[in-house]
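Scroll down for the structure; my scribbles are underneath it.
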Amino acid sequence: MKMSNNQQEGLKVYSLSTFFYPKLRSIDGHFAGHAAVKKLTKSVDLFLCDLVLVPLHLGSHWALAVIDFKSQTIQCYDSMGQRHDEICHILLKYLMEENKIKTACCFEPSRWTLGRMRTNAIPKQTNGNDCGVFICKYADFLSQGKPLTFRQATSETGKTGFSGSPKME
């Protein structure tokens, strides 16, 4: 888990452990509750962050959920375009419980927007291997407040790489 205060954009970004979401989700795929993950967030107040990054290991695929406190959105970034609406709902339920336990302020879930990024709005992978690299690239760009301008490229030798990096001003 990592807290970063990006001085250029002033973004406070926290990245949860890859263990967070599997623990939050019960064996049957539903919400396990705050108690299942309270040890993973006991030393941080997520509500003081601008962005919380939630890496999602979904069996043989990786995606990234992003909790954006400024815009009050929870979105999933999936390089293969899969929908993850239930994940967004589980994360919102978690925030409701976390808020009750850690803060005294009012949390209004009806003000939050949930959903995945439109597939044409984010870079997509062109093979079945690079989902992990894609979530790292999504996290890199988003944590710097930059648009997702990278793309996957294949060289003449068949090697896959990426072009584009966040421009530092």
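Following the order of the structure tokens, first chain is A, next is B, and so on, with residues numbered from 1 inside each chain and ligands from 1 in the order they appear.
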Please identify which residues in segment 1-156 of chain A DSSP calls strand (DSSP E or B) from the backbone, and express them as a ChimeraX atom specification.
/A:2-6,11-15,25,31,51-57,62-68,73-77,113-116,151-154
Would you mind exporting C-alpha atoms of the selected residues as a CSV table (one decimal), in the first residue's frame?
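As written to disk, result.csv reads:
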```
chain,number,residue,atom,x,y,z
A,2,LYS,CA,1.3,3.4,-0.9
A,3,MET,CA,0.4,7.0,-0.4
A,4,SER,CA,1.7,9.5,-2.8
A,5,ASN,CA,1.3,13.2,-2.8
A,6,ASN,CA,1.9,14.4,-6.4
A,11,LEU,CA,-3.2,14.7,-6.1
A,12,LYS,CA,-3.2,12.6,-3.0
A,13,VAL,CA,-3.2,9.0,-4.3
A,14,TYR,CA,-3.4,5.8,-2.3
A,15,SER,CA,-2.9,2.4,-3.8
A,25,ARG,CA,-15.5,-10.0,-1.8
A,31,PHE,CA,-19.8,-8.3,-0.2
A,51,LEU,CA,-7.8,8.9,-5.7
A,52,VAL,CA,-7.7,5.4,-4.4
A,53,LEU,CA,-6.4,2.8,-6.8
A,54,VAL,CA,-7.7,-0.8,-6.3
A,55,PRO,CA,-5.9,-3.4,-8.3
A,56,LEU,CA,-8.2,-6.3,-9.3
A,57,HIS,CA,-7.0,-9.8,-9.9
A,62,TRP,CA,-6.1,-7.9,-14.1
A,63,ALA,CA,-8.2,-4.7,-14.1
A,64,LEU,CA,-8.1,-1.5,-12.0
A,65,ALA,CA,-10.8,0.2,-10.0
A,66,VAL,CA,-10.4,3.8,-9.2
A,67,ILE,CA,-12.2,5.6,-6.4
A,68,ASP,CA,-12.2,9.3,-7.2
A,73,THR,CA,-17.0,8.2,-9.0
A,74,ILE,CA,-15.9,4.6,-8.9
A,75,GLN,CA,-14.8,3.3,-12.2
A,76,CYS,CA,-13.2,0.2,-13.5
A,77,TYR,CA,-10.5,0.3,-16.2
A,113,THR,CA,-21.5,7.5,-10.1
A,114,LEU,CA,-20.5,3.9,-10.7
A,115,GLY,CA,-19.4,2.1,-13.8
A,116,ARG,CA,-16.7,1.1,-16.1
A,151,ARG,CA,-1.0,2.8,-26.7
A,152,GLN,CA,0.2,-0.7,-27.3
A,153,ALA,CA,2.6,-1.2,-30.2
A,154,THR,CA,4.1,-4.3,-31.8
```
Of the candidates A:Glu97, A:Gly81, A:Val37, A:Pro123, which one gets nearest to His61 of chain A if we count only C-alpha atoms?
A:Gly81
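Minimum atom-to-atom distances from A:Phe47, A:Trp112, A:Phe134, A:Phe20 to Gln72 of chain A were compared using only C-alpha atoms, and the lowest value belongs to A:Trp112.
Distances here use only C-alpha atoms; by that measure, the residue among A:Asp78, A:Phe69, A:Phe19, A:Leu48 closest to Thr103 of chain A is A:Leu48.
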I'd like to know which residues of segment 41-150 of chain A are alpha helix (DSSP H) (by DSSP, run on the backbone); could you write them as a PyMOL selection string?
chain A and resi 41+85-102+131-143
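Proximity of A:His30, A:Lys38, A:Lys146, A:Lys70 to Ile87 of chain A, computed with only C-alpha atoms, is greatest for A:His30.
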I want to know what sits within 12 Å of Cys105 of chain A, based on only C-alpha atoms, with residues of the same chain fewer than 6 positions away left out; could you give that as JSON, numbers by chain?
{"A": [47, 96, 98, 99]}
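Proximity to Leu148 of chain A at 8 Å, evaluated using only C-alpha atoms and with sequence-adjacent residues fewer than 2 positions away removed, yields Ile122, Pro123, Tyr138, Phe141, Leu142, Lys146 and Phe150 of chain A.
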